[in-house]
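Inspection log for the structure reproduced underneath, given as C-alpha cells.
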There are 6 protein chains.
Amino acid sequence: MARVVRGTPRTDLAIVDGLAQLGSATVHEAQGRIGLLHHRLRPIFADKIAGNALTCEVAPGDNWSIHVAVEQAQPGDILVVTPTSACDDGYLGDLLAESLMAHGVRGLIIDAGVRDVSTLTEMGFPVWSKVISSQGTVKETPGNVQVPIMIANQHVRPGDVIVADVDGVCVVRREDAAKVLEAAQAREAMETEKRARLASGELGLDIYKMREKLAAKGLVYEDYQG
Amino acid sequence: MARVVRGTPRTDLAIVDGLAQLGSATVHEAQGRIGLLHHRLRPIFADKIAGNALTCEVAPGDNWSIHVAVEQAQPGDILVVTPTSACDDGYLGDLLAESLMAHGVRGLIIDAGVRDVSTLTEMGFPVWSKVISSQGTVKETPGNVQVPIMIANQHVRPGDVIVADVDGVCVVRREDAAKVLEAAQAREAMETEKRARLASGELGLDIYKMREKLAAKGLVYEDYQG
Amino acid sequence: MARVVRGTPRTDLAIVDGLAQLGSATVHEAQGRIGLLHHRLRPIFADKIAGNALTCEVAPGDNWSIHVAVEQAQPGDILVVTPTSACDDGYLGDLLAESLMAHGVRGLIIDAGVRDVSTLTEMGFPVWSKVISSQGTVKETPGNVQVPIMIANQHVRPGDVIVADVDGVCVVRREDAAKVLEAAQAREAMETEKRARLASGELGLDIYKMREKLAAKGLVYEDYQG
Amino acid sequence: MARVVRGTPRTDLAIVDGLAQLGSATVHEAQGRIGLLHHRLRPIFADKIAGNALTCEVAPGDNWSIHVAVEQAQPGDILVVTPTSACDDGYLGDLLAESLMAHGVRGLIIDAGVRDVSTLTEMGFPVWSKVISSQGTVKETPGNVQVPIMIANQHVRPGDVIVADVDGVCVVRREDAAKVLEAAQAREAMETEKRARLASGELGLDIYKMREKLAAKGLVYEDYQG
Amino acid sequence: MARVVRGTPRTDLAIVDGLAQLGSATVHEAQGRIGLLHHRLRPIFADKIAGNALTCEVAPGDNWSIHVAVEQAQPGDILVVTPTSACDDGYLGDLLAESLMAHGVRGLIIDAGVRDVSTLTEMGFPVWSKVISSQGTVKETPGNVQVPIMIANQHVRPGDVIVADVDGVCVVRREDAAKVLEAAQAREAMETEKRARLASGELGLDIYKMREKLAAKGLVYEDYQG
Amino acid sequence: MARVVRGTPRTDLAIVDGLAQLGSATVHEAQGRIGLLHHRLRPIFADKIAGNALTCEVAPGDNWSIHVAVEQAQPGDILVVTPTSACDDGYLGDLLAESLMAHGVRGLIIDAGVRDVSTLTEMGFPVWSKVISSQGTVKETPGNVQVPIMIANQHVRPGDVIVADVDGVCVVRREDAAKVLEAAQAREAMETEKRARLASGELGLDIYKMREKLAAKGLVYEDYQG
C-alpha cells in the first residue's frame, strides 16, 4: 500500500526566494547547524535555488512514483526523492524533467542516480544526485508521495524549504523558515563587514579576540630549532 | 604469457556513428538494459562518442600493453583498458594519447586512473576513467591485447561497440549493433513525441494510462490531516 | 597542548615557481615517484600552482588553528591542513580565504571539506579538498601550526614545496627542490621531443625498443580464430 | 548551547523484552519495513538485544556527552550515539562501558568508532558501531542528550525501542511498540509453519501460488540449446 | 520478459568435490589467475565448498526469482545471485535457505545482502554476500534463471563450478574443470614440498634462485648510516 | 633501483614485550595520540602483539620484496608491508608465512590483501590487512626493504615498535619506546583505579569534576514537555 497526501501546506514563496539568495552554508549556520543533507548529493551543474519540498519515496530501481508526484506539483516546488533502500539507478531523465518543469518544479534532489544530464543541463533543470547513471528503472511498485521522508540522513516533510547550491543541500522546517531567513540575512550582513576587514589584512585572531583563549587552551609559540 | 590477437572483426563505422548520436542511456534501454559499465567510470570532459572496442588487459601499476595496443589500432577504435586487479594509478598521459590519436583512436575507457587531464582536454582526447591520478606505472609485465575482457562488471570483446557520453559507458555486442541502432532510433523518435506532450503539461499518468494500474497496486489518495 | 613554530625555513620562490610550471605528474616522476598525496584530494576549479607548505593540524570539526596559521603566512605559501582524525566538515569558506589571500597565500590543500566554493571560484582562490560540504566547524581545540604533518598518506614539513594541478597534489622536500626542478625540466624537454614523434605516428614499441623485451617476457602474436 | 532533557518517556520493558526475542529482521518486516538503521552498523560480537533509546549527540571527535548521558540512564536502556558530522574515532572504551553497565544500560549503538573491543567482549557489553578504532576523543564541546536525533538515516527519539542483533539495528516508535510486538509475533508464528513446509521440499512457487502471477509478468520456460 | 532455462549442463560432482578440497586461492592460481569474484563477497561463517552454479538474476530489491530458482536446483548446486543494478537489501533469510537445503543446494553466493545470519549459521547454510542487512525485498519483477550472468566482475554460466572459502569465491568454466582440478592438485603437492623447506628456514631467495634476477633488476644492498 | 638496508637498529625486546601487554589504544593515548595506522587495517583473528618493524615497500600486485625481506628478519620482528600505490591483491599466503615464522617474525601488517587465512589462523600467524583476497601477485619489480615507509597514513622506520591488537595498529618511534612504555603503564594503572569506581556506579561527571565545566560551556538541563 502506498499513499499520496493532498493539500499539504507549503511555505510562502517570498520566504523561499529569500532563502535561495543566501545559499546552503549560510542557511545551515543560521538555523544552528541542523538540516544538512549528506554531502554525497552533488549538483550536475552550478546553480543556487530554493523551493518547497515535494516529497517522494521510491522502491529501489523503480521510478513509478515520480509520475504520481508530478500531478501534486505546484510552482516553486523542488522534487525530493529518496529510495526505500540504497540504489544508484538513473531514476529520472529528460522526459520527466520536461514534465516537472511544465508544472513549475524548480529542481530535483535525489539520493540515487540521474541520467540525460547533458540535456538536463541544456534545459537548465538543476539536479543534486548521488551518482550519474544511464541505468533505467521499472514501474512496478508505487511509493508514498507528499509524506515525511528520510533522505541523506535528514527528515524532510512536504512544504519544508529546500535550499540547494554548489555547497550542498539544506532543509529548513516550514514553521522555522521566516525566522531562519531573518537570522541568515543578519549573518550575511555581519559576514560582509568581517570579510572587508579580513581583506584589508586584519587577522581573525584580533577581530575575534582569540589570542587569550588560545593561550588558555595551551597554545604556545616557539622558534624553529632546525 | 600474454597474447595479442590480430585480425579481430570490427563493427561497420556507419553503425557505430549512428549509435554515437543516441548516447549511452538510449542505447542501453534499446538493447534491453544490458551492457552498462559501472557508473564509477566518469568523463574528464563532456563528450559523446562511439567506437570499436580495442581491448587491453594490464597488470596493476603496469601500462606496457597500452604501447602494444597502439599498433593494433584502426581509425574509429576506442581503447578499453582493464587492470587484472583493481588499481588507481594514472596509466595514460598526454604522450600515449598523442600516439593513440595519431592512429585514429577516438577515446579511452579505463577502469583505473589517468593523468595529464588538462592537456588531454586541450587535445580533445576524451577519457572515461575511475580516477584522476598523477601516479605513474611501470613496464614489466605484458598483458593481453584484443582478447575478450571483463571491465567494470561487463564483458567486452574486440570490435564490440562502445557508446560513451556524460551519462556513462555502454557496450553493444557487434552482432547486435545494427538492430540495436534501429531500436534506439525508434525509441528516440517515440521519446521526442512524448517529450512534447509532457512539455505541454500533459501528465505521464494519463499518457501512459497508469492510474488504474496504480490503484490496483494499492495506491490511495488522502487529504492532509495536519 | 598545541604548538606554533615560528621561523621555519622556506624554499626559494624562484624554484617554487619553476615547479609550478611543470605540474604534479612531471614533478612526481622527476623525483622518483614519491610524494604524491592521495588522489581523493580534488580541485574545486582547474588551476596549476606551487607554493611553500604552511602546515596546520586541526581537530575533527574544529578550524580554530586556521586562524592561527594565517598570522604565520608569507607570500608564496600554500596552506596545508590535515585533521587529526578523518573529517568531512567544511573547514574554510570565503572569509578565511579572503584573509589568506590578503596575506599572500596561493591556495589551500585540505584532507577534509571546504564550502562557499562558488565564491572561492569567483575570488580565484584555488582549493584541493576531499569533499565539498556546508557543514561548519567549531573553535574549541587548538592544533599545531608549522610542524611536520601527515596528510593524505604523505609527510609534509613547513617549507616543503607543494605542487598542485588538476592531476593532483605532490610534495617536494625543500632540500631536494632545486635538483627536482632540474630533473623535471629535463624530463619535460625529453617528453616534448617524444611527443612529436608519437604525433607523427611512430610507435612507442619502436621509439623505446620494446619488441624484444616483450617477446622475452612471453608476449606472442596470433591470428583471430573467430 | 546543548540540552539534557529529563523525564522523557520510556517503553514498558515487557514489550521491549518481547521485541528482543524477535530480532531486527522480523520486527522491521512487522512494522512495514521502516526504521532500519544503515547496515554499516555492525556488532562487535553476536548478540540479540532490545532496549529503550537513551539518545546522545556528540561533536566529531568529542565524547564528553556520553558522560552526561550515563547519569540519565535507567535499567533497560540502550545508549544511541550519533556524531553531528561523520567521524570514525573510538568514542567509547572499557571505562565508559563499565559505567554504563553499572547503570543498567544493555548496549551501545554508535554511528562512529569504538575501542577496547576485546575487553568489551569479555565484559559482555554489546556494541554496534561503524568502525573499530583506537583513536581517542576530547572533551571540549557538550552535545544534546535525550533529544530526538538522526542516526544512520533514521530518526530516533528517547524511549523509542531499539532492536539489535547480528542482522542489524531497527528502531520502533514507542507509541507503536505494543502493536509491532503483536504483529511480529504473528509473523514469526506464520514463518515457523512455512519453514516446516519448505523444509519438507514443498516449493515457494506452490505455497505462495506464484506460478500464474509469474507467467502474467512474462516469465517463460525454455530448454537449453547449448 | 524473463527466462528460465531448463536442462543446462552441470559439472561432474566428483570433479566439483575435488575442487572443494583445494580452495579458491589454489584453484585461482591453477587456472592462470582468472575467475576470481570481487573480494567484497565475504562469508557469514568459515566454510570451504564447491558446487555447480545455479544462476539467478534479480531486480534491485526484488527476490522473486530465487523462488523460481529453487525449482531448478539439483543436489550439489550453489545458488549464484546477482542484482541487475547494485543493491544492498537482504534478499534471502532462513525460509529460503531451508528451501534450498531441502533441494540439495550447498550454499549461496550473492552480490547483495542476506539476513537471518544467526539462523543460517546454526543451520550450517554457508553464504558469501556483499553485506548483511535486515532490509527485505518485494516480489514484483521476475528475473532470468539459469542464464549466463555477470556477478562481482566475473561471467558465470549455469553449471560452471563455484569454489568458495574464507579467502573468496572463484568460478571455473565447466569445460576446464577437469584439467583445472589436475593442475590445482599438482600445485598443492608442489606447495607442500616448498612449505616444508621454508619451515626449515631455507630462504625463498635460494629455493627460487632469485638473487641474480633481483640484482639484474637493480636491487642493491647497503649498510645503515644512521 | 631498489635498496635493502642492513644493520638497521632495533628496539630492545624487553620494551617491545612490555608494549605488547598494553595494546594499541593505551599506547596510542600514552604517546599523545600519534602513530595510529588507519583503521582499515583489520586482524584476521584476535591477537595482541608487538614487534620491531621490518619494513618493505612493494609494487602494486608484486610481492617479490617480501622474499627479500625474510632474509633481513630477526626474532621479534613484525613485517610491515606497504604498496607504492593502492592495491587489494593477496600478497602473502601460507608459504611466506611459514618462512617468516621460521625466522622469528611475529606477524604481518599489510595495507593490501592477504590469502590462505584459514591456514594462517591454524598456524597462529597473525595478520592485519586491508582486505582478504585470493588474488595472487607477480615477481617482476623489486622494492625497498628496511627503509622508512609510509603506511596507512603513518611514517614507519625499521626498528620502530609496532603494537597491534583487535583495536588496530600503532607505531612507536624507537627512541620514544622506553618512555612510552612507562607512560602507558602509568595510564593503565590509573585506568584500573577509575574503572573500579565506575563499576561501583560512581559517575564520570563526579570523578572527573565535569559539571561546572559543562555548565560554563552552556549545557542546560530541562524537563520533558511531551
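If you're wondering about the labels, chains in the C-alpha cells are A, B, ... by order shown, residues count from 1 in each chain, ligands from 1 in order shown.
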How close does chain B get to chain C? List, as JSON lines, each residue of chain B within 10 Å, its nearest atom pair and the distance in Å to one decimal, counting only C-alpha atoms.
{"residue": "B:Met1", "atom": "CA", "partner": "C:Gly218", "partner_atom": "CA", "distance": 4.7}
{"residue": "B:Ala2", "atom": "CA", "partner": "C:Leu219", "partner_atom": "CA", "distance": 4.8}
{"residue": "B:Arg3", "atom": "CA", "partner": "C:Val220", "partner_atom": "CA", "distance": 5.0}
{"residue": "B:Val4", "atom": "CA", "partner": "C:Tyr221", "partner_atom": "CA", "distance": 4.7}
{"residue": "B:Val5", "atom": "CA", "partner": "C:Glu222", "partner_atom": "CA", "distance": 5.1}
{"residue": "B:Arg6", "atom": "CA", "partner": "C:Asp223", "partner_atom": "CA", "distance": 4.8}
{"residue": "B:Gly7", "atom": "CA", "partner": "C:Tyr224", "partner_atom": "CA", "distance": 5.5}
{"residue": "B:Thr8", "atom": "CA", "partner": "C:Tyr224", "partner_atom": "CA", "distance": 5.4}
{"residue": "B:Pro9", "atom": "CA", "partner": "C:Tyr224", "partner_atom": "CA", "distance": 8.4}
{"residue": "B:Trp64", "atom": "CA", "partner": "C:Leu214", "partner_atom": "CA", "distance": 8.9}
{"residue": "B:Ser65", "atom": "CA", "partner": "C:Leu214", "partner_atom": "CA", "distance": 9.3}
{"residue": "B:Ile66", "atom": "CA", "partner": "C:Gly204", "partner_atom": "CA", "distance": 9.4}
{"residue": "B:His67", "atom": "CA", "partner": "C:Gly204", "partner_atom": "CA", "distance": 5.8}
{"residue": "B:Val68", "atom": "CA", "partner": "C:Leu205", "partner_atom": "CA", "distance": 6.7}
{"residue": "B:Ala69", "atom": "CA", "partner": "C:Leu205", "partner_atom": "CA", "distance": 9.8}
{"residue": "B:Val70", "atom": "CA", "partner": "C:Leu203", "partner_atom": "CA", "distance": 7.4}
{"residue": "B:Glu71", "atom": "CA", "partner": "C:Leu203", "partner_atom": "CA", "distance": 6.9}
{"residue": "B:Asp88", "atom": "CA", "partner": "C:His39", "partner_atom": "CA", "distance": 8.6}
{"residue": "B:Asp89", "atom": "CA", "partner": "C:His39", "partner_atom": "CA", "distance": 9.4}
{"residue": "B:Gly90", "atom": "CA", "partner": "C:Asp167", "partner_atom": "CA", "distance": 9.1}
{"residue": "B:Gly93", "atom": "CA", "partner": "C:Ala25", "partner_atom": "CA", "distance": 9.1}
{"residue": "B:Asp94", "atom": "CA", "partner": "C:Arg195", "partner_atom": "CA", "distance": 7.9}
{"residue": "B:Leu95", "atom": "CA", "partner": "C:Arg195", "partner_atom": "CA", "distance": 5.3}
{"residue": "B:Leu96", "atom": "CA", "partner": "C:Leu198", "partner_atom": "CA", "distance": 7.8}
{"residue": "B:Ala97", "atom": "CA", "partner": "C:Ala199", "partner_atom": "CA", "distance": 9.0}
{"residue": "B:Glu98", "atom": "CA", "partner": "C:Ala199", "partner_atom": "CA", "distance": 5.3}
{"residue": "B:Ser99", "atom": "CA", "partner": "C:Leu198", "partner_atom": "CA", "distance": 4.8}
{"residue": "B:Leu100", "atom": "CA", "partner": "C:Leu198", "partner_atom": "CA", "distance": 8.5}
{"residue": "B:Met101", "atom": "CA", "partner": "C:Ala199", "partner_atom": "CA", "distance": 7.6}
{"residue": "B:Ala102", "atom": "CA", "partner": "C:Gly201", "partner_atom": "CA", "distance": 5.3}
{"residue": "B:His103", "atom": "CA", "partner": "C:Gly201", "partner_atom": "CA", "distance": 6.5}
{"residue": "B:Gly104", "atom": "CA", "partner": "C:Gly201", "partner_atom": "CA", "distance": 9.9}
{"residue": "B:Gly113", "atom": "CA", "partner": "C:His39", "partner_atom": "CA", "distance": 9.5}
{"residue": "B:Val114", "atom": "CA", "partner": "C:Asp167", "partner_atom": "CA", "distance": 8.3}
{"residue": "B:Arg115", "atom": "CA", "partner": "C:Asp167", "partner_atom": "CA", "distance": 5.6}
{"residue": "B:Asp116", "atom": "CA", "partner": "C:Asp167", "partner_atom": "CA", "distance": 6.2}
{"residue": "B:Val117", "atom": "CA", "partner": "C:Asp167", "partner_atom": "CA", "distance": 6.5}
{"residue": "B:Ser118", "atom": "CA", "partner": "C:Val166", "partner_atom": "CA", "distance": 6.8}
{"residue": "B:Val131", "atom": "CA", "partner": "C:His39", "partner_atom": "CA", "distance": 7.6}
{"residue": "B:Ile132", "atom": "CA", "partner": "C:Asp167", "partner_atom": "CA", "distance": 6.0}
{"residue": "B:Ser133", "atom": "CA", "partner": "C:Asp167", "partner_atom": "CA", "distance": 5.5}
{"residue": "B:Ser134", "atom": "CA", "partner": "C:Ala25", "partner_atom": "CA", "distance": 4.5}
{"residue": "B:Gln135", "atom": "CA", "partner": "C:Ala25", "partner_atom": "CA", "distance": 7.0}
{"residue": "B:Gly136", "atom": "CA", "partner": "C:Glu29", "partner_atom": "CA", "distance": 7.1}
{"residue": "B:Thr137", "atom": "CA", "partner": "C:Arg33", "partner_atom": "CA", "distance": 9.5}
{"residue": "B:Lys139", "atom": "CA", "partner": "C:Met210", "partner_atom": "CA", "distance": 9.5}
{"residue": "B:Glu140", "atom": "CA", "partner": "C:Lys217", "partner_atom": "CA", "distance": 8.3}
{"residue": "B:Thr141", "atom": "CA", "partner": "C:Lys217", "partner_atom": "CA", "distance": 7.2}
{"residue": "B:Pro142", "atom": "CA", "partner": "C:Leu219", "partner_atom": "CA", "distance": 6.6}
{"residue": "B:Gly143", "atom": "CA", "partner": "C:Leu219", "partner_atom": "CA", "distance": 7.9}
{"residue": "B:Asn144", "atom": "CA", "partner": "C:Leu219", "partner_atom": "CA", "distance": 8.3}
{"residue": "B:Val145", "atom": "CA", "partner": "C:Tyr221", "partner_atom": "CA", "distance": 9.4}
{"residue": "B:Gln146", "atom": "CA", "partner": "C:Tyr224", "partner_atom": "CA", "distance": 9.1}
{"residue": "B:Val147", "atom": "CA", "partner": "C:Tyr224", "partner_atom": "CA", "distance": 9.3}
Next item on the list: Report the residues of segment 14-225 of chain D whose backbone DSSP state falls under strand (DSSP E or B), written as a VMD selection string.
Entry: chain D and resid 36 42 to 43 49 to 58 62 77 to 83 90 108 to 114 127 to 132 138 145 149 to 151 154 to 156 161 to 165 168 to 172 219 to 223
Save the residues we just selected, C-alpha atoms, as an mmCIF file, in the first residue's frame?
data_model
loop_
_atom_site.group_PDB
_atom_site.id
_atom_site.type_symbol
_atom_site.label_atom_id
_atom_site.label_comp_id
_atom_site.auth_asym_id
_atom_site.auth_seq_id
_atom_site.Cartn_x
_atom_site.Cartn_y
_atom_site.Cartn_z
ATOM 1 C CA LEU D 36 16.109 0.156 9.824
ATOM 2 C CA ARG D 42 27.883 -3.936 12.748
ATOM 3 C CA PRO D 43 28.124 -5.800 16.064
ATOM 4 C CA ILE D 49 19.045 -7.282 22.489
ATOM 5 C CA ALA D 50 16.383 -4.595 22.770
ATOM 6 C CA GLY D 51 16.121 -1.539 24.973
ATOM 7 C CA ASN D 52 14.867 1.990 25.369
ATOM 8 C CA ALA D 53 16.830 4.524 23.359
ATOM 9 C CA LEU D 54 18.957 6.806 25.532
ATOM 10 C CA THR D 55 19.944 9.336 22.877
ATOM 11 C CA CYS D 56 23.151 11.317 22.694
ATOM 12 C CA GLU D 57 24.530 13.718 20.097
ATOM 13 C CA VAL D 58 28.278 14.226 20.077
ATOM 14 C CA ASP D 62 34.388 14.550 21.270
ATOM 15 C CA ASP D 77 18.252 1.473 28.164
ATOM 16 C CA ILE D 78 20.452 1.225 25.107
ATOM 17 C CA LEU D 79 22.759 4.183 24.508
ATOM 18 C CA VAL D 80 22.353 5.565 20.976
ATOM 19 C CA VAL D 81 25.136 7.913 19.898
ATOM 20 C CA THR D 82 25.336 9.963 16.721
ATOM 21 C CA PRO D 83 28.051 12.466 15.770
ATOM 22 C CA GLY D 90 36.801 5.410 19.043
ATOM 23 C CA LEU D 108 25.582 0.771 22.633
ATOM 24 C CA ILE D 109 24.599 1.790 19.111
ATOM 25 C CA ILE D 110 27.071 4.298 17.658
ATOM 26 C CA ASP D 111 27.469 5.664 14.137
ATOM 27 C CA ALA D 112 31.179 6.114 14.747
ATOM 28 C CA GLY D 113 34.011 4.047 16.249
ATOM 29 C CA VAL D 114 34.560 2.057 19.427
ATOM 30 C CA VAL D 127 28.177 -2.657 20.670
ATOM 31 C CA TRP D 128 27.015 -1.954 17.138
ATOM 32 C CA SER D 129 29.384 0.542 15.510
ATOM 33 C CA LYS D 130 30.557 1.802 12.132
ATOM 34 C CA VAL D 131 34.201 1.001 12.782
ATOM 35 C CA ILE D 132 36.640 -0.182 15.407
ATOM 36 C CA VAL D 138 38.431 15.019 23.518
ATOM 37 C CA VAL D 145 21.225 14.231 25.492
ATOM 38 C CA ILE D 149 18.355 12.507 16.880
ATOM 39 C CA MET D 150 19.195 11.400 13.337
ATOM 40 C CA ILE D 151 21.371 8.299 13.230
ATOM 41 C CA GLN D 154 16.777 7.085 10.913
ATOM 42 C CA HIS D 155 15.028 9.337 13.381
ATOM 43 C CA VAL D 156 15.264 8.097 16.973
ATOM 44 C CA VAL D 161 12.701 0.866 21.199
ATOM 45 C CA ILE D 162 15.999 -0.234 19.696
ATOM 46 C CA VAL D 163 16.109 -3.850 18.474
ATOM 47 C CA ALA D 164 19.587 -5.064 17.536
ATOM 48 C CA ASP D 165 21.056 -8.380 16.515
ATOM 49 C CA GLY D 168 21.358 -5.046 12.116
ATOM 50 C CA VAL D 169 19.580 -2.388 14.160
ATOM 51 C CA CYS D 170 15.939 -1.295 13.946
ATOM 52 C CA VAL D 171 14.032 1.431 15.785
ATOM 53 C CA VAL D 172 10.367 1.090 16.796
ATOM 54 C CA LEU D 219 8.224 -15.394 -17.215
ATOM 55 C CA VAL D 220 8.807 -18.132 -19.772
ATOM 56 C CA TYR D 221 10.462 -21.527 -19.550
ATOM 57 C CA GLU D 222 12.661 -22.810 -22.339
ATOM 58 C CA ASP D 223 15.065 -25.679 -22.913
#
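Rounded to one decimal, atom CA of Pro158 of chain E and atom CA of Arg10 of chain E lie 7.2 Å from each other.
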Note to self: What's the separation between atom CA of Thr121 of chain D and atom CA of Ile44 of chain D, in Å to one decimal place?
What the structure shows: 7.5 Å
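Interatomic distance, atom CA of Ala59 of chain B to atom CA of Ala73 of chain B: 20.2 Å.
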